[in-house]
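See structure below.
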Amino acid sequence: MRQLYSLLLLFSFLSFSFASSDYHEQLLLRPLHPSLLLASFNFQSNTTLTSFEQQNFRYFPRSLGQILQHANTRELHLRFSLGRWDAESWGARPWGGAREGGTGVELWAWVEADTDEEADGRWLTLTNALSGLFCASLNFIDSTRTTRPVMSFQPSGDHKNSTLESLHLLHGTLPREVVCTENLTPFLKLLPCKGKAGISSLLDGHKLFDASWQSMSIDVRPICPAGSNDCQLQITQTIDMVLDIQRSKRPRDNPIPRPVPNEELKCDTSKPYHSHDTCYPLDTAAQEEEWTLSQIFGHPLKGSCPLATDGVDPVCINVPHARQVYSSEGSHEHKDASGFMRCYQLDPEKEFELVLPQQEISEKAPLEQPLLYAERSFIGYGQERGGVQAILTNPSPTEAVDFVYMESLPWFMKLYLHTLKAKINGLDTHKDVIQEMYYRPALDRKRGTQLEVRILIPANSTVILTYDFEKAILRYTEYPPDANRGFDVAPAVITIGNVSIRTTSLLLPLPTPDFSMPYNVIILTSTVMALSFGFVFNLLVRRFVAVDEADQWDVRSVRLKVAELVKGKLKRFQKAQKVEKKE
Amino acid sequence: MMSIDRRKATLFGAAAAVRLLLFTSFPGLPDLLTARVEISTPVTSFKRLQEGLFLYNHNVSPYDGGVYHQAPLLLPLFSLLPSSATYPAFTYLLYVLLDLLSASALMSIAESGEAVSSKLFTSPRKDKRWSSFAIAAAFLFNPFTIATCIGRPTSVFTTCAILHAIAKAVNGNSFTAMFALSFAAYLSMYPILLFPPLALLCYDRRKPLKNPESMYSFVTGNAIAVGGSLYSLLHMSSLITGSWEFLSSTYGVQLLLPDLTPNVGLWWYFFIEMFDSFRNFFLGVFWIHLSAYVAGLTIRLRRQPLFVLTLLLGIFAIFKPYPSISDTSLFLAMLPLYRHVFPLMRYTFLASSTVLYATLLGPAFYYLWIYAGSGNANFFYAITLVWSLGLSLLTSDALFAVLRDELEVERPDLKGKEIRQI
């Protein structure tokens, strides 16, 4: 908790300091167990609304600013994420989950418009423009992937009451999108130092997308200090990643993991069976890994960004004061009173390096406990129907937690809301747990399902939320190229006040037709229909007669008929020849 | 008279007992059958009805979604019943009752003797018919009917309405017949195609009047009656749901087939595999094909309108957009009325073994595709083709038998002789 306060203090200090400065940046390093490192990059700049409207951009990125103006967007949140945050061993999420999105791409924005249709049009403009700017498939956020959350998201900026009424919240997700280097490059270009100096010089696609978990976020919001008309537009960009220290230390030219040579094995010599050919690995939990900044990120930090001139220390590390940390020459270390935080002031000219040697230390920076553990999975089997189960655990021994659980499901997952059940600690007590619900059913090929449930979980309890769904079968042109891989289902968003948590995305296998045989199917079905039509109408339009009354068409009668025909022809021909001769 | 009533009571009691026994002794069976694609289609499924009911009771429009495609009047009806999740017995009783009502309508059709001797035609084999008791028993103990009843699709309501429409028409009660037909059409749309033969049947069986009206004005009057009652049903629905959006979500779904859930019919796989640019064209072709039979059969079999109805029910069971075994069971209920022409049929063995083969292999192949993953969609598709082929063989063979029967009245000399068509 103390650590949370120190973070909050730091954050509030940053938020208050914006008036005096236009840009600042900070990197927070936090070792996680086991052998992982969380690196949180934060870049913040702002501009006054008046200069923004006059297109007078200074630190605010012009490309993004013009898109926002064109699409009448007043507040924007864009997320690119990969991987899964392991809350049980890593604790609470960075920024309380406020700066992260579901797997893939997530976008939500408040668009100013008079009608819903106008808002949809502007949302389309926004997604298409952002798609070009960030090299992501944001243009695929169509009406089936867009929702208008009712209870889940609240504007984080200060909006005037007059504009608040005409603001439309739209939310879209692309769980299938693979976030990669082509999204990082435009992200870095929005920064004033553009990845050339300052903490952003550490960012490298090879390391970022090799992380166990990573999230990039962009938030744009207006801020009006109380009692003043001097509103400002703030852009906050963050990158959070969880790096595996051992994995990062592998040399880049030889990244394949290989077995450790015999002589480098660390064995527990106290075991009775320890010998030259038997080794029990030594328990290294008490031992802190050795690492340096350039090992983790591939290169050292290239000085501080000269545009960040607010005096905030750009690099902080969250380790106990007892941990040995060596920094390069020219930097100044400031230790925090809480005992677990130290920050460094950088020399703008020189490269900065941090070295943490191997050390045996029992003291660890405490992990903050998350407000809620959430996991979601499919239940059932077969490709016809299934169920979803969300397990939500409130770890707090004293306090109840109240939150909104939001699902936005694709239309081909046909939800049966009457099967929605909430079990608390294994017992059915539906009424107390679910307090409020908003449901908008899916329409085939037009929009997805939107379900928002307000849930109250008493202290130290687990709620299991389940519901059934049916899998629709699609037209063969609606399947993606790799149809049997399945369809990605966007993560559920859990909003607890300002904190938000996302479950992982799900992979939904749908029944598939045989893609190779549209012609065969058309031919075979048409044959059956033609046969039946023929049977019936053949009987209806033709007359019955006795067998002997009908013309005979067996071999003999046909031969006779043909012979007669030929004879007749011959006769006529002979006659004609005779007439010719007479002439 | 007493003995007939007692036999009827015994039959109905036995049929109800079988159903209730299945409902109560296998508690998992109703939900298992509800989930079967052969029984529940997107437009009749009981589970979807439950979802629609849940949304309706929570003031969410069930028609503003892709799950519920059934008629609006079912909603207030089922919300009057105690919830099927807590007191399933009421729902079971309702469905058993519907089956018994259908059987009693079928009995009154059979008792009228319309099948063997209509106003314009009397079969030379008229003594060979089955009793109404046997026909009702064949309906009530048909495994398809029982499975349908346990699976609780709303097509049971349509079946009941159609049988009542025919029973009323046979008894000369044309207005009630037209109302029952409108109700059937309101529930599932396709029964409106039964109007021409049904109006003719009413015309043939109407009570003799002093100054008989012409057929033209009679049919027009009935058409107005159907239109009026349909309009009032639809208007009532719009009052209940508060808008007309249910039209596109119920009848629009049958016309345009947006939901491609597998079923025993021919449409679903065809429209999965259809090229997008031809989709609307083929939807038109399929609907025209379905309605083409009405005119042809009504004109050619003018003398036996009840047989036209029987045959059309068979054809709908094959070619309607979302068919299920419930439609087949209705056709198989009507067919025994024509017991007297069975000896004239040529392919009874082939047709019935094909249908039986498809009945047994259908669920197996569906399992291979959806659950085991060792088969693909073509397995189930192939079996629906066989099923459709078997049924169409059965319908056309019945048509042949009836036409042959008619021929023997015109030309008694051809009785028992080989014939051919020219």
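Every chain in the structure tokens takes a letter, A first, then B, and so on in the order presented; its residues are numbered from 1, and the ligands are numbered from 1 following the presented order.
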Per residue of chain B within 7 Å of chain A, what are the shortest atom pair and its distance in Å to one decimal, counting only C-alpha atoms, with rows by chain and residue number, as CSV?
residue,atom,partner,partner_atom,distance
B:Glu51,CA,A:His418,CA,5.6
B:Phe54,CA,A:His418,CA,5.9
B:Asp64,CA,A:Pro441,CA,6.9
B:Gly65,CA,A:Pro441,CA,4.8
B:Gly66,CA,A:Leu443,CA,4.5
B:Val67,CA,A:Lys414,CA,6.8
B:Leu260,CA,A:Ile473,CA,5.9
B:Thr261,CA,A:Ile473,CA,5.9
B:Leu266,CA,A:Thr525,CA,6.7
B:Phe270,CA,A:Ile522,CA,6.2
B:Ile272,CA,A:Arg475,CA,4.2
B:Glu273,CA,A:Pro518,CA,4.8
B:Met274,CA,A:Pro518,CA,6.4
B:Arg300,CA,A:Leu540,CA,6.4
B:Ile370,CA,A:Gln383,CA,5.2
B:Tyr371,CA,A:Gly382,CA,4.5
B:Asn376,CA,A:Asp514,CA,6.9
B:Ala377,CA,A:Pro513,CA,5.2
B:Asn378,CA,A:Asp514,CA,6.8
B:Leu389,CA,A:Val528,CA,6.4
B:Ser392,CA,A:Ser532,CA,5.7
B:Ser396,CA,A:Val536,CA,5.5
B:Phe400,CA,A:Leu539,CA,6.6
B:Leu414,CA,A:Ala546,CA,6.6
B:Glu418,CA,A:Val547,CA,5.8
B:Ile419,CA,A:Ala546,CA,4.3
B:Arg420,CA,A:Val545,CA,5.5
B:Gln421,CA,A:Phe544,CA,4.5
B:Ile422,CA,A:Arg543,CA,5.4
Take the residues from that selection and put them in a file with N, CA and C atoms, as a short mmCIF file (atom, residue, chain, number, x, y, z; two decimals), in the first residue's frame.
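The result, written out as selection_29.cif:
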data_model
loop_
_atom_site.label_atom_id
_atom_site.label_comp_id
_atom_site.auth_asym_id
_atom_site.auth_seq_id
_atom_site.Cartn_x
_atom_site.Cartn_y
_atom_site.Cartn_z
N GLU B 51 -35.52 -17.65 -24.35
CA GLU B 51 -34.73 -16.42 -24.39
C GLU B 51 -35.62 -15.23 -24.74
N PHE B 54 -37.65 -14.36 -21.78
CA PHE B 54 -36.85 -13.69 -20.75
C PHE B 54 -36.68 -12.21 -21.09
N ASP B 64 -35.33 -7.12 -31.38
CA ASP B 64 -34.16 -6.31 -31.67
C ASP B 64 -32.91 -7.16 -31.45
N GLY B 65 -32.97 -8.42 -31.83
CA GLY B 65 -31.84 -9.30 -31.62
C GLY B 65 -31.89 -10.44 -32.60
N GLY B 66 -30.84 -11.23 -32.64
CA GLY B 66 -30.75 -12.28 -33.65
C GLY B 66 -31.14 -13.65 -33.16
N VAL B 67 -31.77 -13.76 -31.99
CA VAL B 67 -32.05 -15.08 -31.44
C VAL B 67 -33.51 -15.48 -31.61
N LEU B 260 -28.15 -19.65 -40.58
CA LEU B 260 -27.87 -20.84 -41.38
C LEU B 260 -27.61 -22.07 -40.52
N THR B 261 -28.25 -22.13 -39.36
CA THR B 261 -28.12 -23.30 -38.50
C THR B 261 -28.53 -24.56 -39.27
N LEU B 266 -32.94 -28.53 -47.25
CA LEU B 266 -31.94 -28.34 -48.30
C LEU B 266 -31.37 -26.93 -48.33
N PHE B 270 -26.93 -25.07 -48.92
CA PHE B 270 -26.94 -24.39 -50.22
C PHE B 270 -26.59 -22.92 -50.05
N ILE B 272 -25.09 -21.55 -47.44
CA ILE B 272 -23.74 -21.34 -46.89
C ILE B 272 -22.76 -21.27 -48.06
N GLU B 273 -22.94 -22.16 -49.01
CA GLU B 273 -21.98 -22.28 -50.10
C GLU B 273 -22.27 -21.35 -51.27
N MET B 274 -23.42 -20.67 -51.24
CA MET B 274 -23.80 -19.85 -52.39
C MET B 274 -22.90 -18.63 -52.52
N ARG B 300 -54.85 -29.84 -61.04
CA ARG B 300 -54.92 -31.21 -61.54
C ARG B 300 -55.79 -32.09 -60.62
N ILE B 370 -19.87 -32.44 -35.81
CA ILE B 370 -19.83 -31.38 -34.81
C ILE B 370 -19.01 -31.78 -33.59
N TYR B 371 -19.14 -33.01 -33.14
CA TYR B 371 -18.48 -33.37 -31.88
C TYR B 371 -17.19 -34.16 -32.08
N ASN B 376 -16.82 -34.14 -41.87
CA ASN B 376 -17.04 -32.70 -42.07
C ASN B 376 -18.49 -32.44 -42.42
N ALA B 377 -18.78 -31.21 -42.79
CA ALA B 377 -20.16 -30.80 -43.01
C ALA B 377 -20.83 -31.62 -44.10
N ASN B 378 -20.04 -32.13 -45.04
CA ASN B 378 -20.62 -32.89 -46.14
C ASN B 378 -21.34 -34.14 -45.67
N LEU B 389 -34.65 -36.84 -50.61
CA LEU B 389 -34.95 -37.69 -51.75
C LEU B 389 -35.98 -38.76 -51.36
N SER B 392 -39.35 -37.15 -51.00
CA SER B 392 -39.97 -36.73 -52.26
C SER B 392 -40.41 -37.95 -53.06
N SER B 396 -44.26 -38.32 -54.26
CA SER B 396 -44.64 -38.47 -55.67
C SER B 396 -45.27 -39.84 -55.91
N PHE B 400 -48.82 -40.60 -57.54
CA PHE B 400 -49.05 -41.56 -58.62
C PHE B 400 -50.23 -42.47 -58.27
N LEU B 414 -59.03 -50.47 -67.37
CA LEU B 414 -57.59 -50.50 -67.13
C LEU B 414 -57.24 -51.04 -65.76
N GLU B 418 -51.15 -52.86 -66.78
CA GLU B 418 -50.00 -51.95 -66.79
C GLU B 418 -50.37 -50.69 -67.55
N ILE B 419 -49.89 -49.57 -67.06
CA ILE B 419 -50.20 -48.32 -67.77
C ILE B 419 -48.92 -47.57 -68.02
N ARG B 420 -49.00 -46.59 -68.85
CA ARG B 420 -47.83 -45.71 -69.05
C ARG B 420 -48.32 -44.30 -69.36
N GLN B 421 -47.42 -43.39 -69.26
CA GLN B 421 -47.80 -41.99 -69.45
C GLN B 421 -47.38 -41.51 -70.82
N ILE B 422 -48.23 -40.72 -71.44
CA ILE B 422 -47.81 -40.09 -72.71
C ILE B 422 -47.98 -38.59 -72.61
#
A:Ser396 environment, 7 Å, only C-alpha atoms, sequence neighbours closer than 3 positions dropped, as a list in words =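 So, after excluding close chain neighbours, the residues are Glu399, Ala459 and Asn460 of chain A.
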Leaving out B:His69 and any residue of its chain fewer than 2 positions from it, which residues lie within 6 Å of it when counting only C-alpha atoms, given as a VMD selection string?
-> chain B and resid 43 249 to 250
Would you mind exporting C-alpha atoms of the selected residues as a PDB file, in the first residue's frame?
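Written output follows (part12.pdb):
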ATOM      1  CA  VAL B  43     -37.778 -20.360 -36.027  1.00  0.00           C
ATOM      2  CA  SER B 249     -37.469 -10.614 -37.457  1.00  0.00           C
ATOM      3  CA  THR B 250     -40.070 -13.370 -37.904  1.00  0.00           C
TER       4      THR B 250
END
B:Leu187 surroundings by only C-alpha atoms, 12 Å radius, close-in-sequence under 3 positions cut, as a VMD selection string | chain B and resid 43 to 44 69 to 75 153 to 162 180 to 184 190 to 192 230 233 to 234 237 247 250 to 251 254
Those residues with N, CA and C atoms, as a compact mmCIF listing (two decimals), in the first residue's frame please?
# COMPACT_ATOMS: atom_id res chain seq x y z
N VAL B 43 -36.47 -21.01 -36.11
CA VAL B 43 -37.78 -20.36 -36.03
C VAL B 43 -38.76 -21.11 -35.13
N THR B 44 -38.35 -22.24 -34.56
CA THR B 44 -39.29 -22.94 -33.68
C THR B 44 -38.70 -23.34 -32.33
N HIS B 69 -37.06 -15.59 -33.28
CA HIS B 69 -37.70 -15.34 -34.57
C HIS B 69 -39.12 -15.88 -34.59
N GLN B 70 -39.77 -16.02 -33.44
CA GLN B 70 -41.08 -16.64 -33.41
C GLN B 70 -42.17 -15.59 -33.19
N ALA B 71 -43.41 -16.04 -33.38
CA ALA B 71 -44.52 -15.09 -33.40
C ALA B 71 -44.72 -14.42 -32.04
N PRO B 72 -45.09 -13.13 -32.04
CA PRO B 72 -45.18 -12.38 -30.78
C PRO B 72 -46.26 -12.89 -29.82
N LEU B 73 -47.36 -13.46 -30.35
CA LEU B 73 -48.43 -13.86 -29.43
C LEU B 73 -48.03 -15.04 -28.55
N LEU B 74 -46.97 -15.74 -28.93
CA LEU B 74 -46.51 -16.83 -28.08
C LEU B 74 -45.95 -16.30 -26.76
N LEU B 75 -45.46 -15.04 -26.81
CA LEU B 75 -44.81 -14.48 -25.61
C LEU B 75 -45.79 -14.31 -24.46
N PRO B 153 -40.77 -27.82 -29.70
CA PRO B 153 -40.69 -26.67 -30.60
C PRO B 153 -42.08 -26.06 -30.79
N THR B 154 -42.13 -24.80 -31.20
CA THR B 154 -43.44 -24.17 -31.36
C THR B 154 -44.13 -24.61 -32.64
N SER B 155 -43.45 -25.43 -33.47
CA SER B 155 -44.12 -25.93 -34.67
C SER B 155 -45.30 -26.81 -34.30
N VAL B 156 -45.33 -27.31 -33.06
CA VAL B 156 -46.48 -28.10 -32.59
C VAL B 156 -47.77 -27.26 -32.67
N PHE B 157 -47.65 -25.97 -32.39
CA PHE B 157 -48.82 -25.09 -32.48
C PHE B 157 -49.29 -25.00 -33.93
N THR B 158 -48.34 -24.86 -34.85
CA THR B 158 -48.69 -24.77 -36.27
C THR B 158 -49.38 -26.05 -36.72
N THR B 159 -48.81 -27.21 -36.34
CA THR B 159 -49.41 -28.50 -36.69
C THR B 159 -50.85 -28.55 -36.22
N CYS B 160 -51.05 -28.18 -34.97
CA CYS B 160 -52.40 -28.23 -34.40
C CYS B 160 -53.33 -27.30 -35.17
N ALA B 161 -52.86 -26.10 -35.50
CA ALA B 161 -53.72 -25.14 -36.21
C ALA B 161 -54.06 -25.65 -37.60
N ILE B 162 -53.08 -26.25 -38.29
CA ILE B 162 -53.34 -26.74 -39.65
C ILE B 162 -54.36 -27.89 -39.61
N ALA B 180 -58.39 -20.66 -38.41
CA ALA B 180 -57.31 -21.57 -37.98
C ALA B 180 -56.14 -21.50 -38.96
N LEU B 181 -56.46 -21.39 -40.26
CA LEU B 181 -55.39 -21.27 -41.25
C LEU B 181 -54.60 -19.99 -41.04
N SER B 182 -55.30 -18.88 -40.77
CA SER B 182 -54.59 -17.61 -40.55
C SER B 182 -53.69 -17.73 -39.34
N PHE B 183 -54.17 -18.46 -38.32
CA PHE B 183 -53.35 -18.60 -37.12
C PHE B 183 -52.08 -19.40 -37.44
N ALA B 184 -52.26 -20.47 -38.23
CA ALA B 184 -51.09 -21.25 -38.64
C ALA B 184 -50.13 -20.39 -39.45
N TYR B 190 -45.52 -20.25 -43.87
CA TYR B 190 -45.72 -21.09 -45.05
C TYR B 190 -47.14 -21.64 -45.19
N PRO B 191 -47.95 -21.86 -44.08
CA PRO B 191 -49.28 -22.44 -44.28
C PRO B 191 -50.21 -21.56 -45.13
N ILE B 192 -49.85 -20.30 -45.36
CA ILE B 192 -50.71 -19.46 -46.20
C ILE B 192 -50.82 -20.07 -47.60
N LEU B 230 -55.75 -12.41 -40.34
CA LEU B 230 -54.29 -12.21 -40.29
C LEU B 230 -53.97 -10.79 -39.85
N LEU B 233 -54.54 -10.38 -36.18
CA LEU B 233 -53.48 -11.03 -35.40
C LEU B 233 -52.20 -10.20 -35.40
N LEU B 234 -51.85 -9.71 -36.60
CA LEU B 234 -50.62 -8.93 -36.70
C LEU B 234 -50.74 -7.62 -35.94
N SER B 237 -50.31 -8.23 -32.39
CA SER B 237 -48.89 -8.43 -32.10
C SER B 237 -48.15 -7.11 -32.00
N LEU B 247 -42.02 -8.00 -37.73
CA LEU B 247 -42.27 -8.56 -39.07
C LEU B 247 -40.97 -9.02 -39.71
N THR B 250 -39.42 -12.06 -37.85
CA THR B 250 -40.07 -13.37 -37.90
C THR B 250 -40.21 -13.84 -39.35
N TYR B 251 -40.97 -13.08 -40.16
CA TYR B 251 -41.21 -13.52 -41.53
C TYR B 251 -40.01 -13.20 -42.41
N GLN B 254 -37.58 -16.02 -42.39
CA GLN B 254 -37.96 -17.16 -43.24
C GLN B 254 -37.73 -16.85 -44.71
Please provide as a PyMOL selection string all residues within 9 Å of stretch 142-148 of chain B, with the sequence filter that same-chain residues fewer than 2 positions apart are discarded (counting only C-alpha atoms).
-> chain B and resi 15+18-19+30+33-34+39-40+99+137-140+150-153+155-156+324-326+328-330+332-333
Go ahead and write the residues just picked, N, CA and C atoms, as a PDB file, in the first residue's frame.
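What ended up in result37.pdb:
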ATOM      1  N   ALA B  15     -51.493 -42.250 -24.957  1.00  0.00           N
ATOM      2  CA  ALA B  15     -50.547 -41.336 -25.615  1.00  0.00           C
ATOM      3  C   ALA B  15     -50.018 -40.306 -24.616  1.00  0.00           C
ATOM      4  N   VAL B  18     -47.561 -42.006 -22.198  1.00  0.00           N
ATOM      5  CA  VAL B  18     -46.225 -42.230 -22.780  1.00  0.00           C
ATOM      6  C   VAL B  18     -45.404 -40.949 -22.724  1.00  0.00           C
ATOM      7  N   ARG B  19     -46.051 -39.839 -23.110  1.00  0.00           N
ATOM      8  CA  ARG B  19     -45.317 -38.565 -23.148  1.00  0.00           C
ATOM      9  C   ARG B  19     -44.911 -38.126 -21.753  1.00  0.00           C
ATOM     10  N   PRO B  30     -35.958 -33.873 -22.308  1.00  0.00           N
ATOM     11  CA  PRO B  30     -36.524 -32.705 -22.984  1.00  0.00           C
ATOM     12  C   PRO B  30     -35.456 -31.730 -23.468  1.00  0.00           C
ATOM     13  N   LEU B  33     -33.478 -33.199 -26.469  1.00  0.00           N
ATOM     14  CA  LEU B  33     -34.202 -33.145 -27.743  1.00  0.00           C
ATOM     15  C   LEU B  33     -34.381 -31.710 -28.205  1.00  0.00           C
ATOM     16  N   THR B  34     -34.547 -30.777 -27.264  1.00  0.00           N
ATOM     17  CA  THR B  34     -34.653 -29.373 -27.646  1.00  0.00           C
ATOM     18  C   THR B  34     -33.401 -28.920 -28.376  1.00  0.00           C
ATOM     19  N   ILE B  39     -35.026 -31.391 -34.656  1.00  0.00           N
ATOM     20  CA  ILE B  39     -36.312 -31.064 -34.039  1.00  0.00           C
ATOM     21  C   ILE B  39     -36.502 -29.559 -33.923  1.00  0.00           C
ATOM     22  N   SER B  40     -35.484 -28.879 -33.418  1.00  0.00           N
ATOM     23  CA  SER B  40     -35.605 -27.436 -33.208  1.00  0.00           C
ATOM     24  C   SER B  40     -34.904 -26.691 -34.324  1.00  0.00           C
ATOM     25  N   ASP B  99     -50.860 -32.061 -28.655  1.00  0.00           N
ATOM     26  CA  ASP B  99     -50.805 -33.283 -29.452  1.00  0.00           C
ATOM     27  C   ASP B  99     -52.165 -33.967 -29.464  1.00  0.00           C
ATOM     28  N   ALA B 137     -54.013 -43.219 -33.756  1.00  0.00           N
ATOM     29  CA  ALA B 137     -52.967 -43.971 -33.063  1.00  0.00           C
ATOM     30  C   ALA B 137     -51.657 -43.869 -33.832  1.00  0.00           C
ATOM     31  N   ALA B 138     -51.744 -43.946 -35.181  1.00  0.00           N
ATOM     32  CA  ALA B 138     -50.538 -43.838 -35.995  1.00  0.00           C
ATOM     33  C   ALA B 138     -49.883 -42.479 -35.811  1.00  0.00           C
ATOM     34  N   PHE B 139     -50.686 -41.453 -35.609  1.00  0.00           N
ATOM     35  CA  PHE B 139     -50.128 -40.120 -35.367  1.00  0.00           C
ATOM     36  C   PHE B 139     -49.522 -40.028 -33.971  1.00  0.00           C
ATOM     37  N   LEU B 140     -50.299 -40.469 -32.983  1.00  0.00           N
ATOM     38  CA  LEU B 140     -49.871 -40.253 -31.599  1.00  0.00           C
ATOM     39  C   LEU B 140     -48.664 -41.104 -31.225  1.00  0.00           C
ATOM     40  N   ILE B 150     -41.653 -33.985 -27.062  1.00  0.00           N
ATOM     41  CA  ILE B 150     -40.701 -33.880 -25.946  1.00  0.00           C
ATOM     42  C   ILE B 150     -39.748 -32.698 -26.177  1.00  0.00           C
ATOM     43  N   GLY B 151     -39.389 -32.466 -27.454  1.00  0.00           N
ATOM     44  CA  GLY B 151     -38.470 -31.369 -27.770  1.00  0.00           C
ATOM     45  C   GLY B 151     -39.105 -29.996 -27.694  1.00  0.00           C
ATOM     46  N   ARG B 152     -40.426 -29.929 -27.634  1.00  0.00           N
ATOM     47  CA  ARG B 152     -41.216 -28.723 -27.428  1.00  0.00           C
ATOM     48  C   ARG B 152     -40.946 -27.575 -28.407  1.00  0.00           C
ATOM     49  N   PRO B 153     -40.772 -27.823 -29.699  1.00  0.00           N
ATOM     50  CA  PRO B 153     -40.686 -26.673 -30.601  1.00  0.00           C
ATOM     51  C   PRO B 153     -42.078 -26.061 -30.795  1.00  0.00           C
ATOM     52  N   SER B 155     -43.445 -25.432 -33.471  1.00  0.00           N
ATOM     53  CA  SER B 155     -44.121 -25.930 -34.675  1.00  0.00           C
ATOM     54  C   SER B 155     -45.302 -26.815 -34.301  1.00  0.00           C
ATOM     55  N   VAL B 156     -45.334 -27.308 -33.060  1.00  0.00           N
ATOM     56  CA  VAL B 156     -46.484 -28.096 -32.595  1.00  0.00           C
ATOM     57  C   VAL B 156     -47.768 -27.256 -32.673  1.00  0.00           C
ATOM     58  N   SER B 324     -38.284 -29.392 -40.138  1.00  0.00           N
ATOM     59  CA  SER B 324     -37.853 -30.256 -39.044  1.00  0.00           C
ATOM     60  C   SER B 324     -38.669 -31.530 -39.129  1.00  0.00           C
ATOM     61  N   ILE B 325     -38.410 -32.495 -38.269  1.00  0.00           N
ATOM     62  CA  ILE B 325     -39.179 -33.734 -38.327  1.00  0.00           C
ATOM     63  C   ILE B 325     -40.610 -33.496 -37.867  1.00  0.00           C
ATOM     64  N   SER B 326     -40.870 -32.362 -37.265  1.00  0.00           N
ATOM     65  CA  SER B 326     -42.237 -32.026 -36.893  1.00  0.00           C
ATOM     66  C   SER B 326     -43.121 -31.901 -38.136  1.00  0.00           C
ATOM     67  N   THR B 328     -42.500 -33.402 -40.985  1.00  0.00           N
ATOM     68  CA  THR B 328     -42.645 -34.752 -41.525  1.00  0.00           C
ATOM     69  C   THR B 328     -43.724 -35.506 -40.767  1.00  0.00           C
ATOM     70  N   SER B 329     -43.768 -35.311 -39.454  1.00  0.00           N
ATOM     71  CA  SER B 329     -44.765 -36.051 -38.679  1.00  0.00           C
ATOM     72  C   SER B 329     -46.174 -35.599 -39.050  1.00  0.00           C
ATOM     73  N   LEU B 330     -46.335 -34.345 -39.435  1.00  0.00           N
ATOM     74  CA  LEU B 330     -47.657 -33.882 -39.881  1.00  0.00           C
ATOM     75  C   LEU B 330     -48.041 -34.552 -41.200  1.00  0.00           C
ATOM     76  N   LEU B 332     -46.893 -37.425 -42.262  1.00  0.00           N
ATOM     77  CA  LEU B 332     -47.120 -38.841 -41.983  1.00  0.00           C
ATOM     78  C   LEU B 332     -48.429 -39.052 -41.219  1.00  0.00           C
ATOM     79  N   ALA B 333     -48.933 -37.991 -40.595  1.00  0.00           N
ATOM     80  CA  ALA B 333     -50.239 -38.107 -39.939  1.00  0.00           C
ATOM     81  C   ALA B 333     -51.351 -38.121 -40.970  1.00  0.00           C
TER      82      ALA B 333
END
Can you tell me, as a ChimeraX atom specification, what residues are no more than 12 Å from B:Lys168 when counting only C-alpha atoms, ignoring any on the same chain fewer than 5 positions away?
-> /B:104-109,112,161-163,173-181,198-199,201-203,205-206
Members of stretch 342-540 of chain A assigned strand (DSSP E or B) by DSSP, as number ranges by chain | A: 342-345, 352, 354-356, 359-360, 373-379, 385-394, 401-409, 413-424, 427-428, 434-440, 443, 447, 449-457, 461-471, 487-489, 493-496, 499-502, 506-508
Which distance in Å separates atom CA of A:Gly102 and atom CA of A:Leu167, to one decimal?
->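 So the two atoms, atom CA of A:Gly102 and atom CA of A:Leu167, lie 23.9 Å apart.
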Selected residue, from B:Leu11, B:Leu80, B:Leu344, B:Ala85, that lies nearest to B:Asn57 when counting only C-alpha atoms =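 Residue with the minimum atom-to-atom distance to B:Asn57: B:Leu80.
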